[in-house]
Amino acid sequence: MENIGARIGLALGGGFARGVAHAGVLRVLERHGVPLHCIAGVSAGSIVAAAFASGAAADDIASAGAAMRFSDVARWTVSRMGFAGSDRMARFLGKLLRQSAFESMRIPLGVVATDLESGEPAHFRERGDVVTAVRASCSYPGLFQPVRHAGRLLVDGGMSVDVPARLCREMGATHVIAVHLPAPERRSAPANVFEVVNRCFQIVSRRTEDNWRRFSDLILTPEARDANWNSFSSAQALIEAGERAALDAMPAILKWLRGTR
């Protein structure tokens with residue numbers, strides 16, 4: 001079935017707790033035997049991408065996502081740079097990942113963070129520590145403290161790109177599946193600092209959307225708008241939403257693999 005000319009890349013966007021929907025997408029791709037040439041992630045998407053690239057099964061990722069709580073990856077603290085440290089994420093990832101170096105991944109992996117000084121994307125791929133890259137990609141400004149790495153101060157990848165479709169292209173994908181998890185629309189004024197930052201992300205996302213859409217061949221948007229950033233209790237519904245979105249796209253994906261349009 002596989003057409004050797006079709007190299008499929010999967011680009012997973014952010015969304016914090018909503019990111020568990022990505023596991024539903026992976027379940028369907030796994031079930032249909034869809035081969036991935038590469039996988040890339042931003043923020044919550046980087047956790048799922050790293051786990052799958054390392055060799056974790058989609059069901060294992062779904063189970064970990066359903067059981068996950070904020071305290072598994074964050075520790076409240078007093079700091080001028082953020083309200084929470086992400087050091088606990090290293091322990092969480094240590095249990096989830098089957099490998100922890102980019103060069104050891106089963107599937108080529110890309111992770112995107114944002115360089116706080118330059119405002120440019122910081123790409124991680126090919127070599128180095130995956131845990132550091134994922135922690136940086138998940139460092140939501142104002143909530144998590146930035147991650148210092150190689151002389152740079154890094155924050156959430158979603159500040160520079162919502163979905164890393166372009167990175168998949170750079171990694172050699174000829175066909176890119178982008179998974180986008182837009183945040184719930186808020187019509188009332190923000191009530192706290194987290195809602196202020198979240199609203200800023202929404203504004204940036206809208207203004208930069210064309211930058212990733214033009215590198216995407218298929219865009220999956222699981223029904224996740226009703227779930228807040230910390231809706232861990234909605235994990236099963238989010239996983240099922242990811243499955244439905246992937247099933248809807250499967251006819252087009254199978255055409256790629258057959259070498260037809």
# chains A, B, ... in the order shown; residues from 1 in each chain; ligands from 1

call {"tool": "residues_around", "arguments": {"residues": "stretch 169-182 of chain A", "least_positions_apart": "4", "cutoff": "9 Å", "atoms": "only C-alpha atoms", "output": "count of residues only"}}
result
47

call {"tool": "residues_around", "arguments": {"residues": "A:Cys138", "least_positions_apart": "5", "cutoff": "7 Å", "atoms": "only C-alpha atoms", "output": "MDAnalysis selection string"}}
result
chainID A and resid 43:44 156

call {"tool": "write_last_selection", "arguments": {"atoms": "N, CA, C and O atoms", "output": "PDB file, in the first residue's frame"}}
result
ATOM      1  N   SER A  43       4.557  22.847  22.619  1.00  0.00           N
ATOM      2  CA  SER A  43       3.908  22.877  23.934  1.00  0.00           C
ATOM      3  C   SER A  43       3.354  21.495  24.279  1.00  0.00           C
ATOM      4  O   SER A  43       4.084  20.515  24.261  1.00  0.00           O
ATOM      5  N   ALA A  44       2.051  21.372  24.582  1.00  0.00           N
ATOM      6  CA  ALA A  44       1.495  20.064  24.926  1.00  0.00           C
ATOM      7  C   ALA A  44       1.721  19.051  23.801  1.00  0.00           C
ATOM      8  O   ALA A  44       1.920  17.866  24.047  1.00  0.00           O
ATOM      9  N   ASP A 156       7.357  28.971  25.846  1.00  0.00           N
ATOM     10  CA  ASP A 156       6.410  28.170  25.068  1.00  0.00           C
ATOM     11  C   ASP A 156       6.569  28.370  23.556  1.00  0.00           C
ATOM     12  O   ASP A 156       6.601  29.500  23.069  1.00  0.00           O
TER      13      ASP A 156
END

call {"tool": "atom_distance", "arguments": {"atom1": "atom CA of A:Phe16", "atom2": "atom CA of A:Ala235"}}
result
11.3 Å

call {"tool": "decode", "arguments": {"residues": "stretch 43-72 of chain A", "atoms": "N, CA, C and O atoms", "output": "mmCIF file, in the first residue's frame"}}
result
data_model
loop_
_atom_site.group_PDB
_atom_site.id
_atom_site.type_symbol
_atom_site.label_atom_id
_atom_site.label_comp_id
_atom_site.auth_asym_id
_atom_site.auth_seq_id
_atom_site.Cartn_x
_atom_site.Cartn_y
_atom_site.Cartn_z
ATOM 1 N N SER A 43 4.557 22.847 22.619
ATOM 2 C CA SER A 43 3.908 22.877 23.934
ATOM 3 C C SER A 43 3.354 21.495 24.279
ATOM 4 O O SER A 43 4.084 20.515 24.261
ATOM 5 N N ALA A 44 2.051 21.372 24.582
ATOM 6 C CA ALA A 44 1.495 20.064 24.926
ATOM 7 C C ALA A 44 1.721 19.051 23.801
ATOM 8 O O ALA A 44 1.920 17.866 24.047
ATOM 9 N N GLY A 45 1.685 19.529 22.569
ATOM 10 C CA GLY A 45 1.947 18.649 21.435
ATOM 11 C C GLY A 45 3.342 18.072 21.444
ATOM 12 O O GLY A 45 3.575 16.971 20.921
ATOM 13 N N SER A 46 4.284 18.788 22.052
ATOM 14 C CA SER A 46 5.657 18.276 22.105
ATOM 15 C C SER A 46 5.770 17.087 23.053
ATOM 16 O O SER A 46 6.586 16.190 22.836
ATOM 17 N N ILE A 47 4.953 17.058 24.109
ATOM 18 C CA ILE A 47 4.950 15.913 25.028
ATOM 19 C C ILE A 47 4.486 14.663 24.288
ATOM 20 O O ILE A 47 5.123 13.603 24.348
ATOM 21 N N VAL A 48 3.364 14.787 23.570
ATOM 22 C CA VAL A 48 2.807 13.646 22.841
ATOM 23 C C VAL A 48 3.747 13.222 21.721
ATOM 24 O O VAL A 48 3.988 12.026 21.514
ATOM 25 N N ALA A 49 4.277 14.190 20.990
ATOM 26 C CA ALA A 49 5.192 13.879 19.889
ATOM 27 C C ALA A 49 6.428 13.152 20.395
ATOM 28 O O ALA A 49 6.871 12.154 19.801
ATOM 29 N N ALA A 50 7.003 13.638 21.489
ATOM 30 C CA ALA A 50 8.214 13.017 22.032
ATOM 31 C C ALA A 50 7.931 11.596 22.501
ATOM 32 O O ALA A 50 8.734 10.683 22.271
ATOM 33 N N ALA A 51 6.798 11.408 23.156
ATOM 34 C CA ALA A 51 6.453 10.068 23.645
ATOM 35 C C ALA A 51 6.299 9.091 22.493
ATOM 36 O O ALA A 51 6.843 7.981 22.516
ATOM 37 N N PHE A 52 5.569 9.492 21.462
ATOM 38 C CA PHE A 52 5.338 8.585 20.335
ATOM 39 C C PHE A 52 6.628 8.331 19.562
ATOM 40 O O PHE A 52 6.911 7.190 19.176
ATOM 41 N N ALA A 53 7.409 9.371 19.347
ATOM 42 C CA ALA A 53 8.671 9.201 18.627
ATOM 43 C C ALA A 53 9.621 8.274 19.376
ATOM 44 O O ALA A 53 10.419 7.551 18.770
ATOM 45 N N SER A 54 9.520 8.280 20.706
ATOM 46 C CA SER A 54 10.423 7.454 21.517
ATOM 47 C C SER A 54 10.042 5.981 21.507
ATOM 48 O O SER A 54 10.824 5.130 21.945
ATOM 49 N N GLY A 55 8.821 5.683 21.041
ATOM 50 C CA GLY A 55 8.393 4.292 20.987
ATOM 51 C C GLY A 55 7.200 3.961 21.844
ATOM 52 O O GLY A 55 6.738 2.821 21.866
ATOM 53 N N ALA A 56 6.649 4.939 22.566
ATOM 54 C CA ALA A 56 5.449 4.690 23.371
ATOM 55 C C ALA A 56 4.248 4.495 22.450
ATOM 56 O O ALA A 56 4.114 5.189 21.434
ATOM 57 N N ALA A 57 3.376 3.553 22.786
ATOM 58 C CA ALA A 57 2.173 3.302 22.003
ATOM 59 C C ALA A 57 1.144 4.390 22.267
ATOM 60 O O ALA A 57 1.134 5.008 23.332
ATOM 61 N N ALA A 58 0.261 4.593 21.306
ATOM 62 C CA ALA A 58 -0.775 5.617 21.450
ATOM 63 C C ALA A 58 -1.648 5.357 22.676
ATOM 64 O O ALA A 58 -2.029 6.296 23.383
ATOM 65 N N ASP A 59 -1.956 4.085 22.947
ATOM 66 C CA ASP A 59 -2.778 3.765 24.121
ATOM 67 C C ASP A 59 -2.072 4.145 25.418
ATOM 68 O O ASP A 59 -2.712 4.603 26.373
ATOM 69 N N ASP A 60 -0.753 3.940 25.470
ATOM 70 C CA ASP A 60 0.010 4.306 26.667
ATOM 71 C C ASP A 60 0.012 5.823 26.867
ATOM 72 O O ASP A 60 -0.084 6.320 27.999
ATOM 73 N N ILE A 61 0.120 6.552 25.763
ATOM 74 C CA ILE A 61 0.102 8.009 25.842
ATOM 75 C C ILE A 61 -1.272 8.492 26.293
ATOM 76 O O ILE A 61 -1.382 9.395 27.132
ATOM 77 N N ALA A 62 -2.319 7.865 25.760
ATOM 78 C CA ALA A 62 -3.677 8.227 26.163
ATOM 79 C C ALA A 62 -3.894 7.969 27.651
ATOM 80 O O ALA A 62 -4.485 8.795 28.362
ATOM 81 N N SER A 63 -3.415 6.829 28.137
ATOM 82 C CA SER A 63 -3.573 6.501 29.556
ATOM 83 C C SER A 63 -2.834 7.492 30.445
ATOM 84 O O SER A 63 -3.350 7.937 31.472
ATOM 85 N N ALA A 64 -1.609 7.845 30.041
ATOM 86 C CA ALA A 64 -0.832 8.809 30.820
ATOM 87 C C ALA A 64 -1.507 10.172 30.817
ATOM 88 O O ALA A 64 -1.559 10.865 31.841
ATOM 89 N N GLY A 65 -2.045 10.565 29.657
ATOM 90 C CA GLY A 65 -2.729 11.852 29.563
ATOM 91 C C GLY A 65 -3.987 11.896 30.392
ATOM 92 O O GLY A 65 -4.303 12.913 31.028
ATOM 93 N N ALA A 66 -4.735 10.792 30.421
ATOM 94 C CA ALA A 66 -5.976 10.745 31.192
ATOM 95 C C ALA A 66 -5.720 10.795 32.694
ATOM 96 O O ALA A 66 -6.545 11.301 33.457
ATOM 97 N N ALA A 67 -4.568 10.250 33.100
ATOM 98 C CA ALA A 67 -4.243 10.215 34.533
ATOM 99 C C ALA A 67 -3.480 11.450 34.999
ATOM 100 O O ALA A 67 -3.336 11.691 36.196
ATOM 101 N N MET A 68 -3.001 12.247 34.071
ATOM 102 C CA MET A 68 -2.144 13.388 34.385
ATOM 103 C C MET A 68 -2.900 14.482 35.121
ATOM 104 O O MET A 68 -4.077 14.734 34.881
ATOM 105 N N ARG A 69 -2.207 15.121 36.050
ATOM 106 C CA ARG A 69 -2.724 16.289 36.757
ATOM 107 C C ARG A 69 -1.646 17.378 36.734
ATOM 108 O O ARG A 69 -0.471 17.103 36.528
ATOM 109 N N PHE A 70 -2.058 18.613 36.974
ATOM 110 C CA PHE A 70 -1.128 19.739 36.920
ATOM 111 C C PHE A 70 0.073 19.512 37.830
ATOM 112 O O PHE A 70 1.210 19.824 37.467
ATOM 113 N N SER A 71 -0.150 18.940 38.997
ATOM 114 C CA SER A 71 0.932 18.737 39.963
ATOM 115 C C SER A 71 1.960 17.709 39.491
ATOM 116 O O SER A 71 3.052 17.633 40.053
ATOM 117 N N ASP A 72 1.630 16.931 38.455
ATOM 118 C CA ASP A 72 2.587 15.960 37.918
ATOM 119 C C ASP A 72 3.715 16.643 37.151
ATOM 120 O O ASP A 72 4.800 16.069 36.997
#
